[in-house]
Structure formats: structure tokens, C-alpha cells
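Notes for the one structure printed next.
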Amino acid sequence: MTISVLVADDQELVRSGFALIVDSQPDMRVVAEAGDGRQAVEAVRRHAPDVALLDIRMPGMDGIEAARAVCAETATKVIMLTTFDQDDYVYDALQAGASGFLLKDVRADDLVHAIRVAVGGEALLAPAVARRLIDDIVRKRARPGPPPADLSRLTGRERETLTLLGRGLSNPEIAAELVVSEHTVKTHVSNVLTKLGLRDRIQAVIAAYETGLIQPGA
């Protein structure tokens, strides 16, 4: 299987650099490039790539609006390109449906790995630094109001699974914590996503925070 990728960044050198890394992989191919969010959305509609790499700050339609459109209309996985001083933007991107984010100075190996992880539907928030970042984001952005997800739809085991997802645990780690098989964990995760109407594990992490299962700083 060849993974098709769209690269969107308003800086041509950055865009070309990412495209070069992707095209150097035997199982990946850049099918389109874009210089702003509107072009990116149009390119996704035209080429239906597996993954779209979107810079958050682009002229006209920014990466967040582009991600929202792409995630709402297509099955393309979105990875945002960002910097640590854009916490609020990262939060907005994840809320829009992005499958994760990378720093713009990401190493080539990490970029390639992230693309493969996104295609596989796994979380890009596993590293401790990402958990600290999402913790800071939720602390800054959480606002009073009704919870975004109805946890009453979940069984007790599914609530436990969502809590562990919120803590950034992988499937093997969740299986060890709950003393069940990885296959059972995959079933629980799938049920959580379906019942709460979540796109992927990234949104499950956010839901765990926003519904109070995980407290910022815990």
C-alpha cells in the first residue's frame, strides 16, 4: 500500500522540504502541495490523500479552518504543523478533528513515523511532552458548560478505557492495566469512539479531560 500525502505550507522551502522527505519513502507519495488552506481543501477533495500535513498559520483560510473542512467532509487524516508557542492553535486543531501535531523542526524519521501512525488510526499524543501540552491546553481553554460527550452511554469498562486513553496509555499498556487482552482493549476503544461520536483516539483524549475523567495536572 502506498500512502498518499498532501503537504500544505505557505513557505515554499518548508513545503518542498517536507515533500522531499515523504517522497523519499518507498511506501509514500506526495500527490499535491498547497500554499494556503483553501488550496489545501480543494486539493484534498480532488486527490483524496490518506494524510494531509497542514501548517496552522497560512494566509486566507488558515490550517485550522482547513482541518475542520477536511475532517468534516473526508476520511483524510490531518496532521498539523505547529510550534510550542501556539498552544491554543494546537487545541483548536485537535478539536477540529486533526489526528495530531508535529513541531515544524521535526526530524525526518519522526515525520515519516507520524504519517504511518495517523494512517493506522493510533494516537500521536503518547509522548510525555505531548501529554503535558494537552494538559496545559485544557487548563487554559476549559470553560464551564455542558460536557461535550455523554459518558452515560459507556459501560464501566469503557469509562476505564477512556480514562486510560486520557492518560496517554497505549493499547498494550491499557491491556496490562485492565488485565485483559489487546484485542479486548481494541474493542473497548472502538466502542468508546462510536458511542461518543469521536473521530479518533486524539479526540478521546480531549473528551477524557473535558468530561472530568482526567483533571488537568493529575
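Each chain in the C-alpha cells gets a letter, A, B, ..., in the order shown, and its residues are numbered from 1; ligands are numbered from 1 in order too.
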Practice task
Mind checking which residues fall within 7 Å of range 99-104 of chain A, counting only C-alpha atoms, ignoring those fewer than 2 positions away in the same chain, and posting them as a PyMOL selection string?
Solution key: chain A and resi 77-83+94+97+106+118+124-125+202
Exercise for the section: Enumerate, as number ranges by chain, the complete set of residues in range 7-189 of chain A that a backbone-based DSSP assignment places in helix (DSSP H, G or I). Expected result: A: 12-23, 37-47, 63-73, 87-96, 108-120, 128-141, 151-153, 156-166, 171-178, 182-189
Problem - Nearest to Gly35 in chain A, chosen from A:Pro172, A:Gly121, A:Pro49, A:Pro59, with only C-alpha atoms counted in the distances - result: A:Pro59
Problem - CA of Ile206 in chain A to CA of Ser4 in chain A, distance in Å rounded to a single decimal - result: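 Atom-to-atom, CA of Ile206 in chain A and CA of Ser4 in chain A are spaced 27.4 Å apart.
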Exercise for the section: Could you tell me which of A:Thr194, A:Gln203, A:Ser181, A:Gln11 comes closest to Arg57 in chain A if we count only C-alpha atoms? Expected result: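 Using only C-alpha atoms, the shortest distance to Arg57 in chain A belongs to A:Gln11.
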Exercise for the section: Do a neighbour search on His113 in chain A at 12 Å with only C-alpha atoms, toss out local chain neighbours closer than 4 positions, and write the hits as a list in words. Expected result: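 Near His113 in chain A, the qualifying residues are Ile21, Val22, Gln25, Asp27, Met28, Ile79, Leu102, Val106, Arg107, Ala108, Asp109, Val117, Ala118, Val119, Gly120, Glu122, Ala123 and Leu124 of chain A.
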Practice task
Counting only C-alpha atoms, figure out which residue out of A:Gly156, A:Gly17, A:Gly37, A:Gly60 gets nearest to Val192 in chain A.
Solution key: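 Closest to Val192 in chain A of all the choices is A:Gly156.
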Problem - DSSP-assigned strand (DSSP E or B) among range 14-213 of chain A, expressed as a list in words - result: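 Put together, the selection reads Met28, Arg29, Val30, Val31, Ala32, Glu33, Ala34, Val51, Ala52, Leu53, Leu54, Asp55, Lys77, Val78, Ile79, Met80, Leu81, Thr82, Gly100, Phe101, Leu102 and Leu103 of chain A.
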Same residues, N, CA, C and O atoms, saved as an mmCIF file, in the first residue's frame:
```cif
data_model
loop_
_atom_site.group_PDB
_atom_site.id
_atom_site.type_symbol
_atom_site.label_atom_id
_atom_site.label_comp_id
_atom_site.auth_asym_id
_atom_site.auth_seq_id
_atom_site.Cartn_x
_atom_site.Cartn_y
_atom_site.Cartn_z
ATOM 1 N N MET A 28 5.430 5.856 0.324
ATOM 2 C CA MET A 28 4.714 7.133 0.419
ATOM 3 C C MET A 28 4.859 7.931 -0.874
ATOM 4 O O MET A 28 5.853 7.792 -1.597
ATOM 5 N N ARG A 29 3.862 8.782 -1.118
ATOM 6 C CA ARG A 29 3.894 9.605 -2.336
ATOM 7 C C ARG A 29 3.148 10.912 -2.092
ATOM 8 O O ARG A 29 2.025 10.905 -1.570
ATOM 9 N N VAL A 30 3.767 12.025 -2.424
ATOM 10 C CA VAL A 30 3.094 13.320 -2.339
ATOM 11 C C VAL A 30 2.234 13.489 -3.582
ATOM 12 O O VAL A 30 2.736 13.462 -4.710
ATOM 13 N N VAL A 31 0.935 13.638 -3.374
ATOM 14 C CA VAL A 31 0.024 13.747 -4.515
ATOM 15 C C VAL A 31 -0.336 15.195 -4.819
ATOM 16 O O VAL A 31 -0.851 15.495 -5.902
ATOM 17 N N ALA A 32 -0.063 16.108 -3.869
ATOM 18 C CA ALA A 32 -0.362 17.510 -4.107
ATOM 19 C C ALA A 32 0.319 18.381 -3.064
ATOM 20 O O ALA A 32 0.631 17.919 -1.958
ATOM 21 N N GLU A 33 0.551 19.646 -3.424
ATOM 22 C CA GLU A 33 1.063 20.650 -2.495
ATOM 23 C C GLU A 33 0.139 21.854 -2.541
ATOM 24 O O GLU A 33 -0.558 22.079 -3.537
ATOM 25 N N ALA A 34 0.117 22.614 -1.449
ATOM 26 C CA ALA A 34 -0.751 23.784 -1.383
ATOM 27 C C ALA A 34 -0.079 24.868 -0.566
ATOM 28 O O ALA A 34 0.677 24.580 0.370
ATOM 29 N N VAL A 51 -3.292 11.227 4.019
ATOM 30 C CA VAL A 51 -2.868 12.148 5.073
ATOM 31 C C VAL A 51 -2.635 13.534 4.498
ATOM 32 O O VAL A 51 -2.092 13.674 3.395
ATOM 33 N N ALA A 52 -3.042 14.550 5.254
ATOM 34 C CA ALA A 52 -2.758 15.932 4.879
ATOM 35 C C ALA A 52 -1.907 16.571 5.967
ATOM 36 O O ALA A 52 -2.275 16.562 7.145
ATOM 37 N N LEU A 53 -0.744 17.091 5.581
ATOM 38 C CA LEU A 53 0.098 17.845 6.504
ATOM 39 C C LEU A 53 -0.252 19.319 6.329
ATOM 40 O O LEU A 53 -0.042 19.883 5.259
ATOM 41 N N LEU A 54 -0.800 19.942 7.368
ATOM 42 C CA LEU A 54 -1.271 21.324 7.265
ATOM 43 C C LEU A 54 -0.549 22.231 8.250
ATOM 44 O O LEU A 54 -0.558 21.981 9.458
ATOM 45 N N ASP A 55 0.045 23.281 7.728
ATOM 46 C CA ASP A 55 0.597 24.316 8.596
ATOM 47 C C ASP A 55 -0.570 25.052 9.253
ATOM 48 O O ASP A 55 -1.599 25.307 8.616
ATOM 49 N N LYS A 77 -6.727 11.819 7.020
ATOM 50 C CA LYS A 77 -6.180 12.118 8.332
ATOM 51 C C LYS A 77 -5.369 13.406 8.252
ATOM 52 O O LYS A 77 -4.617 13.610 7.296
ATOM 53 N N VAL A 78 -5.523 14.258 9.248
ATOM 54 C CA VAL A 78 -4.841 15.548 9.246
ATOM 55 C C VAL A 78 -3.794 15.601 10.344
ATOM 56 O O VAL A 78 -4.074 15.280 11.498
ATOM 57 N N ILE A 79 -2.591 15.996 9.981
ATOM 58 C CA ILE A 79 -1.525 16.258 10.942
ATOM 59 C C ILE A 79 -1.157 17.729 10.814
ATOM 60 O O ILE A 79 -0.827 18.202 9.725
ATOM 61 N N MET A 80 -1.229 18.445 11.927
ATOM 62 C CA MET A 80 -0.921 19.864 11.916
ATOM 63 C C MET A 80 0.566 20.087 12.157
ATOM 64 O O MET A 80 1.210 19.349 12.908
ATOM 65 N N LEU A 81 1.107 21.117 11.532
ATOM 66 C CA LEU A 81 2.485 21.532 11.731
ATOM 67 C C LEU A 81 2.452 22.793 12.576
ATOM 68 O O LEU A 81 1.795 23.765 12.206
ATOM 69 N N THR A 82 3.137 22.770 13.712
ATOM 70 C CA THR A 82 2.998 23.871 14.652
ATOM 71 C C THR A 82 4.282 24.101 15.429
ATOM 72 O O THR A 82 5.296 23.453 15.187
ATOM 73 N N GLY A 100 -3.351 14.808 15.120
ATOM 74 C CA GLY A 100 -2.178 15.087 15.918
ATOM 75 C C GLY A 100 -1.437 16.293 15.390
ATOM 76 O O GLY A 100 -1.941 17.024 14.538
ATOM 77 N N PHE A 101 -0.263 16.531 15.957
ATOM 78 C CA PHE A 101 0.513 17.677 15.524
ATOM 79 C C PHE A 101 1.987 17.384 15.631
ATOM 80 O O PHE A 101 2.420 16.528 16.405
ATOM 81 N N LEU A 102 2.785 18.107 14.851
ATOM 82 C CA LEU A 102 4.228 17.980 14.860
ATOM 83 C C LEU A 102 4.840 19.368 14.940
ATOM 84 O O LEU A 102 4.269 20.333 14.438
ATOM 85 N N LEU A 103 5.999 19.458 15.573
ATOM 86 C CA LEU A 103 6.744 20.708 15.527
ATOM 87 C C LEU A 103 7.334 20.862 14.132
ATOM 88 O O LEU A 103 7.688 19.882 13.480
#
```
Handout entry: From A:Leu151, A:Glu182, A:Ala208, A:Leu196, residue lying nearest Leu164 in chain A [only C-alpha atoms]
Key =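 With only C-alpha atoms as the atom set, the closest residue is A:Ala208.
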